[in-house]
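Data file: run-v3.csv. Format and content: CSV, C-alpha atoms.
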chain,number,residue,atom,x,y,z
X,1,MET,CA,12.9,52.1,29.9
X,2,SER,CA,11.8,55.0,27.7
X,3,GLU,CA,8.2,56.0,27.4
X,4,LEU,CA,6.2,53.5,25.3
X,5,LYS,CA,3.8,54.6,22.6
X,6,PRO,CA,0.1,55.0,23.6
X,7,ALA,CA,-2.3,52.3,22.3
X,8,ARG,CA,-5.7,50.8,22.8
X,9,ILE,CA,-5.7,47.1,22.7
X,10,LEU,CA,-8.7,44.8,22.3
X,11,ALA,CA,-7.9,41.4,23.8
X,12,ILE,CA,-9.6,38.0,23.6
X,13,GLU,CA,-9.1,35.1,26.0
X,14,THR,CA,-10.6,31.6,25.4
X,15,SER,CA,-7.9,29.3,26.8
X,16,CYS,CA,-10.2,27.2,28.9
X,17,ASP,CA,-13.8,27.7,29.9
X,18,GLU,CA,-14.1,31.5,30.1
X,19,THR,CA,-15.0,33.5,26.9
X,20,ALA,CA,-13.6,36.9,27.6
X,21,CYS,CA,-12.9,40.2,25.8
X,22,ALA,CA,-11.5,43.5,27.2
X,23,ILE,CA,-10.2,46.8,26.0
X,24,LEU,CA,-7.2,48.5,27.7
X,25,GLU,CA,-5.5,51.8,27.2
X,26,ASN,CA,-1.7,51.9,27.4
X,27,GLY,CA,-1.5,48.5,29.0
X,28,ARG,CA,-3.1,49.6,32.3
X,29,ALA,CA,-6.3,51.5,32.2
X,30,LEU,CA,-9.2,49.0,31.8
X,31,LEU,CA,-12.0,50.5,29.6
X,32,SER,CA,-14.2,47.4,29.5
X,33,SER,CA,-14.1,43.7,30.5
X,34,VAL,CA,-16.7,41.1,29.7
X,35,VAL,CA,-16.4,37.4,30.8
X,36,ALA,CA,-18.9,34.7,29.9
X,37,SER,CA,-18.4,31.9,32.4
X,38,GLN,CA,-19.1,28.2,31.7
X,39,MET,CA,-18.6,27.2,35.4
X,40,GLU,CA,-22.2,26.0,35.9
X,41,ILE,CA,-22.1,23.9,32.7
X,42,HIS,CA,-18.8,22.1,33.7
X,43,ALA,CA,-19.7,21.7,37.4
X,44,ARG,CA,-21.8,18.7,36.6
X,45,TYR,CA,-18.7,16.9,35.2
X,46,GLY,CA,-16.5,17.8,38.1
X,47,GLY,CA,-14.1,19.6,35.8
X,48,VAL,CA,-13.8,21.2,32.4
X,49,PHE,CA,-15.2,19.1,29.5
X,50,PRO,CA,-13.0,20.3,26.5
X,51,GLU,CA,-15.5,19.6,23.7
X,52,VAL,CA,-18.3,21.3,25.5
X,53,ALA,CA,-16.0,24.3,26.3
X,54,SER,CA,-15.1,24.9,22.7
X,55,ARG,CA,-18.7,24.7,21.5
X,56,GLN,CA,-19.7,27.2,24.1
X,57,HIS,CA,-16.9,29.6,23.1
X,58,VAL,CA,-18.3,29.5,19.5
X,59,LEU,CA,-21.7,30.6,20.8
X,60,SER,CA,-20.4,33.3,23.2
X,61,ILE,CA,-17.4,34.9,21.4
X,62,THR,CA,-19.2,37.4,19.1
X,63,PRO,CA,-21.7,38.7,21.7
X,64,VAL,CA,-18.8,39.1,24.2
X,65,VAL,CA,-16.7,41.1,21.8
X,66,GLN,CA,-19.7,43.3,20.9
X,67,GLN,CA,-20.5,43.9,24.5
X,68,SER,CA,-16.9,44.8,25.4
X,69,LEU,CA,-16.9,47.4,22.6
X,70,ALA,CA,-20.2,48.8,23.7
X,71,GLN,CA,-19.1,49.1,27.3
X,72,ALA,CA,-16.1,51.1,26.2
X,73,HIS,CA,-18.2,53.2,23.8
X,74,LEU,CA,-15.7,52.4,21.0
X,75,THR,CA,-15.7,50.8,17.6
X,76,LEU,CA,-13.0,48.6,16.0
X,77,ASN,CA,-11.8,51.8,14.3
X,78,ASP,CA,-10.7,53.1,17.7
X,79,ILE,CA,-8.5,50.0,18.4
X,80,ASP,CA,-4.8,50.0,17.6
X,81,ALA,CA,-4.1,46.3,17.9
X,82,ILE,CA,-5.8,42.9,18.6
X,83,ALA,CA,-4.3,40.7,21.3
X,84,VAL,CA,-5.3,37.1,21.8
X,85,THR,CA,-4.3,34.1,23.9
X,86,GLN,CA,-2.1,31.8,21.8
X,87,GLY,CA,-1.5,29.3,24.6
X,88,PRO,CA,-1.2,27.4,26.8
X,89,GLY,CA,-4.7,25.9,27.1
X,90,LEU,CA,-7.2,23.6,25.5
X,91,ALA,CA,-6.6,23.5,21.8
X,92,GLY,CA,-10.2,23.6,20.8
X,93,SER,CA,-10.9,26.5,23.0
X,94,LEU,CA,-7.8,28.5,21.9
X,95,ILE,CA,-8.7,28.1,18.3
X,96,VAL,CA,-12.1,29.9,18.7
X,97,GLY,CA,-10.5,33.0,20.2
X,98,MET,CA,-7.6,32.9,17.7
X,99,ASN,CA,-9.9,32.7,14.7
X,100,MET,CA,-12.0,35.6,16.0
X,101,ALA,CA,-8.9,37.7,16.6
X,102,LYS,CA,-7.5,36.9,13.1
X,103,GLY,CA,-10.8,37.7,11.4
X,104,MET,CA,-11.0,41.1,13.1
X,105,ALA,CA,-7.3,41.9,12.5
X,106,LEU,CA,-7.6,41.0,8.8
X,107,ALA,CA,-10.9,42.8,8.3
X,108,MET,CA,-9.7,46.0,10.0
X,109,ASP,CA,-6.1,45.8,9.0
X,110,LYS,CA,-5.0,45.8,12.6
X,111,PRO,CA,-1.8,44.3,14.1
X,112,LEU,CA,-2.2,41.0,15.7
X,113,VAL,CA,-0.4,40.0,19.0
X,114,GLY,CA,-0.2,36.5,20.3
X,115,VAL,CA,0.0,36.4,24.1
X,116,ASN,CA,1.1,33.6,26.5
X,117,HIS,CA,-1.8,33.0,29.0
X,118,LEU,CA,0.7,32.7,31.9
X,119,GLU,CA,2.3,36.0,30.9
X,120,GLY,CA,-1.2,37.5,31.0
X,121,HIS,CA,-1.7,36.4,34.6
X,122,ILE,CA,1.5,38.2,35.6
X,123,TYR,CA,0.5,41.4,33.8
X,124,SER,CA,-2.9,41.5,35.6
X,125,SER,CA,-1.1,43.3,38.3
X,126,TRP,CA,-0.6,46.3,36.0
X,127,VAL,CA,-4.3,46.8,35.4
X,128,TYR,CA,-6.6,49.3,37.1
X,129,GLU,CA,-10.1,50.6,36.3
X,130,ALA,CA,-10.1,53.6,33.9
X,131,GLY,CA,-11.2,56.7,35.8
X,132,GLU,CA,-9.5,55.7,39.0
X,133,LYS,CA,-6.2,56.9,40.2
X,134,ALA,CA,-3.4,54.8,38.7
X,135,PRO,CA,-1.6,52.7,41.4
X,136,PRO,CA,2.2,52.4,41.2
X,137,ALA,CA,3.2,49.9,38.6
X,138,PRO,CA,5.3,46.8,39.8
X,139,GLU,CA,9.0,47.6,39.9
X,140,PHE,CA,11.8,45.3,38.6
X,141,PRO,CA,13.4,43.1,39.6
X,142,LEU,CA,10.3,41.3,40.5
X,143,MET,CA,9.8,37.8,42.1
X,144,ALA,CA,6.7,36.5,40.4
X,145,LEU,CA,4.8,33.6,41.9
X,146,LEU,CA,2.5,32.2,39.3
X,147,VAL,CA,0.0,29.8,40.9
X,148,SER,CA,-3.0,28.3,39.2
X,149,GLY,CA,-4.9,25.1,38.4
X,150,GLY,CA,-2.3,24.0,35.8
X,151,HIS,CA,0.9,25.9,36.8
X,152,THR,CA,2.9,26.7,39.9
X,153,GLU,CA,6.2,28.4,39.3
X,154,LEU,CA,8.6,31.1,40.4
X,155,ASN,CA,9.9,33.5,37.8
X,156,LEU,CA,12.4,36.4,38.3
X,157,MET,CA,11.5,39.3,36.1
X,158,THR,CA,14.3,41.9,35.5
X,159,ASP,CA,12.4,43.8,32.8
X,160,HIS,CA,9.2,43.7,30.8
X,161,LEU,CA,8.7,40.3,29.0
X,162,THR,CA,11.8,38.9,30.6
X,163,TYR,CA,11.5,35.8,32.7
X,164,GLN,CA,14.0,33.5,34.4
X,165,ARG,CA,12.1,30.5,35.7
X,166,LEU,CA,13.7,29.5,39.0
X,167,GLY,CA,11.4,26.5,39.8
X,168,SER,CA,8.1,24.9,39.1
X,169,THR,CA,5.9,22.1,40.3
X,170,LEU,CA,7.3,18.6,39.9
X,171,ASP,CA,3.8,17.0,40.0
X,172,ASP,CA,0.4,18.6,40.8
X,173,ALA,CA,0.0,22.4,40.5
X,174,ALA,CA,-1.4,24.0,43.7
X,175,GLY,CA,-4.8,24.6,42.1
X,176,GLU,CA,-4.9,21.0,40.8
X,177,ALA,CA,-4.3,19.8,44.4
X,178,PHE,CA,-7.1,22.0,45.7
X,179,ASP,CA,-9.5,20.5,43.1
X,180,LYS,CA,-8.4,16.9,44.0
X,181,VAL,CA,-8.7,17.4,47.7
X,182,ALA,CA,-12.1,19.0,47.3
X,183,ARG,CA,-13.3,15.9,45.6
X,184,LEU,CA,-11.9,13.8,48.4
X,185,LEU,CA,-13.9,15.9,50.9
X,186,GLU,CA,-16.9,15.8,48.6
X,187,LEU,CA,-16.9,19.5,48.1
X,188,PRO,CA,-18.3,21.1,44.9
X,189,TYR,CA,-16.2,22.1,41.9
X,190,PRO,CA,-14.2,24.3,41.5
X,191,GLY,CA,-12.1,23.1,44.5
X,192,GLY,CA,-10.3,26.3,45.3
X,193,PRO,CA,-13.3,28.4,46.5
X,194,SER,CA,-14.9,25.3,48.1
X,195,ILE,CA,-11.8,24.5,50.2
X,196,GLN,CA,-11.4,28.2,51.2
X,197,LYS,CA,-15.1,28.4,52.3
X,198,ALA,CA,-14.8,25.1,54.3
X,199,ALA,CA,-11.5,26.2,55.8
X,200,GLU,CA,-13.0,29.4,57.3
X,201,GLU,CA,-14.8,27.3,60.0
X,202,GLY,CA,-11.9,24.8,60.5
X,203,GLU,CA,-8.8,24.5,62.7
X,204,PRO,CA,-5.7,24.7,60.5
X,205,THR,CA,-3.4,23.0,63.1
X,206,ARG,CA,-5.6,19.9,63.8
X,207,PHE,CA,-3.9,17.8,61.1
X,208,ASN,CA,-0.2,18.2,60.5
X,209,PHE,CA,0.0,17.6,56.7
X,210,PRO,CA,3.5,17.4,55.2
X,211,ARG,CA,5.2,20.4,53.5
X,212,ALA,CA,7.5,19.4,50.6
X,213,TRP,CA,10.3,22.0,50.9
X,214,LEU,CA,12.6,20.4,48.3
X,215,ASP,CA,15.7,22.0,49.9
X,216,GLY,CA,18.3,23.3,47.5
X,217,THR,CA,15.7,24.0,44.7
X,218,TRP,CA,13.0,26.5,44.0
X,219,ASN,CA,10.6,23.7,42.8
X,220,PHE,CA,7.3,22.7,44.3
X,221,SER,CA,5.5,19.4,45.0
X,222,PHE,CA,1.9,19.1,46.1
X,223,SER,CA,1.3,15.4,45.4
X,224,GLY,CA,2.5,14.4,48.8
X,225,VAL,CA,0.1,16.6,50.8
X,226,LYS,CA,-2.8,15.5,48.6
X,227,THR,CA,-1.9,11.8,49.2
X,228,SER,CA,-1.6,12.5,52.9
X,229,VAL,CA,-5.1,13.9,52.9
X,230,LEU,CA,-6.4,10.8,51.1
X,231,TYR,CA,-4.8,8.5,53.7
X,232,GLU,CA,-6.2,10.6,56.6
X,233,VAL,CA,-9.7,10.6,55.0
X,234,ASN,CA,-9.6,6.8,54.6
X,235,GLU,CA,-8.5,6.3,58.2
X,236,LEU,CA,-11.2,8.7,59.5
X,237,LYS,CA,-13.9,6.9,57.5
X,238,LYS,CA,-12.9,3.6,59.1
X,239,ARG,CA,-13.2,5.0,62.6
X,240,SER,CA,-16.3,7.2,62.3
X,241,ASN,CA,-19.4,8.0,60.2
X,242,GLY,CA,-18.5,11.6,59.4
X,243,LEU,CA,-15.5,13.6,58.3
X,244,PRO,CA,-14.2,16.8,60.0
X,245,VAL,CA,-14.3,18.5,56.6
X,246,HIS,CA,-13.7,22.0,57.9
X,247,ASP,CA,-10.5,21.0,59.8
X,248,LEU,CA,-9.2,18.9,57.0
X,249,ALA,CA,-9.7,21.7,54.5
X,250,ALA,CA,-8.1,24.3,56.8
X,251,SER,CA,-5.1,22.1,57.6
X,252,PHE,CA,-4.6,21.2,53.9
X,253,GLN,CA,-4.9,24.9,52.8
X,254,LYS,CA,-2.4,25.9,55.5
X,255,ALA,CA,0.1,23.3,54.3
X,256,VAL,CA,-0.1,24.6,50.7
X,257,VAL,CA,0.0,28.3,51.6
X,258,ASP,CA,3.0,27.8,53.9
X,259,VAL,CA,5.1,26.4,51.1
X,260,LEU,CA,4.0,29.0,48.5
X,261,PHE,CA,4.7,31.9,50.9
X,262,LYS,CA,8.0,30.8,52.4
X,263,LYS,CA,9.6,29.7,49.2
X,264,THR,CA,8.6,32.9,47.4
X,265,MET,CA,9.9,35.1,50.3
X,266,ASN,CA,13.2,33.1,50.3
X,267,ALA,CA,13.6,33.4,46.5
X,268,ALA,CA,12.9,37.2,46.7
X,269,ARG,CA,15.7,37.6,49.2
X,270,GLU,CA,18.1,35.3,47.4
X,271,PHE,CA,17.8,37.0,44.0
X,272,GLY,CA,17.6,40.6,45.3
X,273,ALA,CA,14.0,41.3,44.2
X,274,LYS,CA,12.6,44.8,44.9
X,275,GLN,CA,9.0,43.5,45.0
X,276,ILE,CA,6.9,40.4,44.9
X,277,LEU,CA,4.0,39.7,42.5
X,278,VAL,CA,1.5,36.9,43.0
X,279,ALA,CA,-0.8,35.9,40.1
X,280,GLY,CA,-3.0,33.2,38.8
X,281,GLY,CA,-6.3,31.6,39.9
X,282,VAL,CA,-5.0,30.5,43.3
X,283,SER,CA,-3.9,34.1,44.1
X,284,ALA,CA,-7.6,34.7,44.8
X,285,ASN,CA,-7.2,32.4,47.9
X,286,ARG,CA,-7.8,34.5,51.0
X,287,ALA,CA,-5.2,32.8,53.2
X,288,LEU,CA,-2.5,33.2,50.6
X,289,ARG,CA,-3.3,36.9,50.1
X,290,GLN,CA,-3.3,37.5,53.8
X,291,ALA,CA,0.1,35.8,54.2
X,292,PHE,CA,1.7,38.1,51.7
X,293,LYS,CA,0.0,41.2,52.8
X,294,ALA,CA,0.8,40.6,56.5
X,295,GLN,CA,4.6,40.8,55.8
X,296,THR,CA,6.4,44.1,55.5
X,297,GLU,CA,9.7,43.1,54.0
X,298,PHE,CA,8.6,43.4,50.3
X,299,PRO,CA,5.9,45.5,48.6
X,300,VAL,CA,3.5,42.9,47.1
X,301,HIS,CA,1.3,43.1,44.0
X,302,ILE,CA,-1.8,40.8,43.9
X,303,PRO,CA,-4.5,41.6,41.4
X,304,PRO,CA,-8.1,42.2,42.5
X,305,ILE,CA,-10.2,39.0,42.8
X,306,SER,CA,-11.9,39.8,39.4
X,307,LEU,CA,-8.6,39.6,37.6
X,308,CYS,CA,-7.2,36.5,39.4
X,309,THR,CA,-9.2,34.0,37.4
X,310,ASP,CA,-9.1,33.9,33.5
X,311,ASN,CA,-10.0,37.2,31.9
X,312,ALA,CA,-9.1,39.2,28.8
X,313,ALA,CA,-7.9,42.3,30.7
X,314,MET,CA,-4.7,40.5,31.6
X,315,ILE,CA,-4.2,39.5,28.0
X,316,GLY,CA,-4.7,43.1,26.9
X,317,ALA,CA,-2.1,44.3,29.4
X,318,ALA,CA,0.6,41.8,28.3
X,319,GLY,CA,-0.5,42.4,24.7
X,320,TYR,CA,0.1,46.1,25.0
X,321,PHE,CA,3.7,45.7,26.2
X,322,ARG,CA,4.4,43.1,23.4
X,323,TYR,CA,2.9,45.5,20.8
X,324,ALA,CA,4.7,48.6,22.2
X,325,LEU,CA,8.0,46.8,22.2
X,326,GLY,CA,7.6,45.6,18.7
X,327,HIS,CA,6.5,41.9,19.3
X,328,VAL,CA,3.8,41.7,16.6
X,329,SER,CA,2.7,38.3,15.4
X,330,GLU,CA,2.2,36.9,11.9
X,331,MET,CA,-1.3,36.1,10.6
X,332,GLU,CA,-0.1,32.5,10.1
X,333,MET,CA,0.5,32.0,13.9
X,334,ASP,CA,-1.1,28.9,15.4
X,335,VAL,CA,-2.3,28.0,18.9
X,336,LEU,CA,0.3,26.5,21.3
X,337,PRO,CA,-1.6,24.4,23.8
X,338,ALA,CA,1.6,23.5,25.8
X,339,TRP,CA,3.5,26.9,25.5
X,340,PRO,CA,5.8,27.5,28.5
X,341,LEU,CA,6.3,31.0,29.8
X,342,SER,CA,10.1,30.6,29.8

Would you mind writing the file's structure down as structure tokens?
Amino acid sequence: MSELKPARILAIETSCDETACAILENGRALLSSVVASQMEIHARYGGVFPEVASRQHVLSITPVVQQSLAQAHLTLNDIDAIAVTQGPGLAGSLIVGMNMAKGMALAMDKPLVGVNHLEGHIYSSWVYEAGEKAPPAPEFPLMALLVSGGHTELNLMTDHLTYQRLGSTLDDAAGEAFDKVARLLELPYPGGPSIQKAAEEGEPTRFNFPRAWLDGTWNFSFSGVKTSVLYEVNELKKRSNGLPVHDLAASFQKAVVDVLFKKTMNAAREFGAKQILVAGGVSANRALRQAFKAQTEFPVHIPPISLCTDNAAMIGAAGYFRYALGHVSEMEMDVLPAWPLS
């Protein structure tokens, strides 16, 4: 690919319960990143409450954008384009970010770029802190494992913005399974970090929970392992007063990580990938990160923990490549709550 034109992108992300803004230079150098989390607000509900989320975005969006500009020591005049998450996500949340981005683009006569949230997660691996030495960018063809609360899928990337979906979850996404099992074990929301913390003191081989390999496909299924944990918990409750929460968490986590790791490695071999990329909220899981980093067959790109969960830096990275390659959106674009990556 020839050299792409330089550009500063201001990006906005409001797909769920994080209000975020970031500014990136040339799709990689992160000049500023601000995230206003609503986690404590939604923890009392045991999950994200959509109406509350959208109202909180309205309160947070303007201060977050202002703070991001201040951190980067820039004004809107210094920005070349505005990128915003168009979907997938909660409709009410997406609309807040979309309206803010449209207002700024219209007022400042800047190009507007709609970005797929899942694409953003993938492009988080291109981002580094401005002022630091730029790490090597991921090389194509890439095997990209996208693993989050709502999505688990394998995509082959042969070039920028080019995705061939090989397989996806047939039921629960990995992150969704973590949340549901955390509730079974009476661990706090969000389930991913809670399961990981409990698993650190557990024995991962105590319970042999099933692995759904789905031979002959690149699809995933995590409903079975979740149900197996439910049955085990019910049986244990009948026989004793307490649950071996740490062992249950460790055994469940290992079952999920085994499938994610082995299917991704096999797909990378099958399709001749040069490198592997792991992204999405569940890519923050320590056991999953260690599994990929321990192997030496493929170079692996996993974003830093701060860029695994929802943020605007990833939207800015994907937005830059869309803008530089001529994918500019119309002002009439609307949110797409169920927008697939491919």

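Near Ser124 (chain X), within a cut-off of 9 Å and counting only C-alpha atoms, sit the residues Arg28, Glu119, Gly120, His121, Val127, Tyr128, Ala279, Gly280, Ile302, Pro303, Pro304, Leu307, Cys308, Ala313, Met314, Ile315, Ala317 and Ala318 of chain X, with same-chain residues fewer than 3 positions away left out.
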
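When all atoms listed in the file are used to compute distances to Leu69 (chain X), the closest of the residues X:Tyr323, X:Ala11, X:Cys16, X:Glu51 turns out to be X:Ala11.
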
- prompt: Within 10 Å of Gly319 (chain X), counting all atoms listed in the file, which residues qualify if same-chain residues fewer than 5 places away don't, as a PyMOL selection string?
  reply: chain X and resi 9-11+24+26-27+81-85+112-116+119-120+123+313-314+324-325+327-328

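Between Pro135 (chain X) and the residues X:Ala249, X:Ala29, X:Val181, X:Thr62, the shortest atom-to-atom distance, using only C-alpha atoms, involves X:Ala29.
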
message: Restricting the calculation to only C-alpha atoms: of X:Ser125, X:Ala250, X:Leu243, X:Ala91, which residue gets closest to Glu200 (chain X)?
response: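 Going through X:Ser125, X:Ala250, X:Leu243, X:Ala91 one by one, the smallest distance to Glu200 (chain X) is for X:Ala250.
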
field: Å distance separating CA of Met104 (chain X) from CA of Trp339 (chain X), one decimal place
entry: 23.8 Å

- request: Tell me which of X:Val65, X:Ala70, X:Val52, X:Met98 sits closest to Val335 (chain X), counting all atoms listed in the file.
  value: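 Looking only at the distances to Val335 (chain X), the closest residue turns out to be X:Met98.
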
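If you measure from each of X:Ala294, X:Leu106, X:Leu30, X:Ala268 to Trp218 (chain X) using all atoms listed in the file, the closest one turns out to be X:Ala268.
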
message: Excluding Leu90 (chain X) and its own-chain neighbours fewer than 6 positions away, which residues fall within 8 Å of it when counting only C-alpha atoms? Please give them as a PyMOL selection string.
response: chain X and resi 15-16+50+337

Counting all atoms listed in the file, the residue of X:Leu184, X:Ala22, X:Ala173, X:Lys274 that sits nearest Tyr231 (chain X): X:Leu184
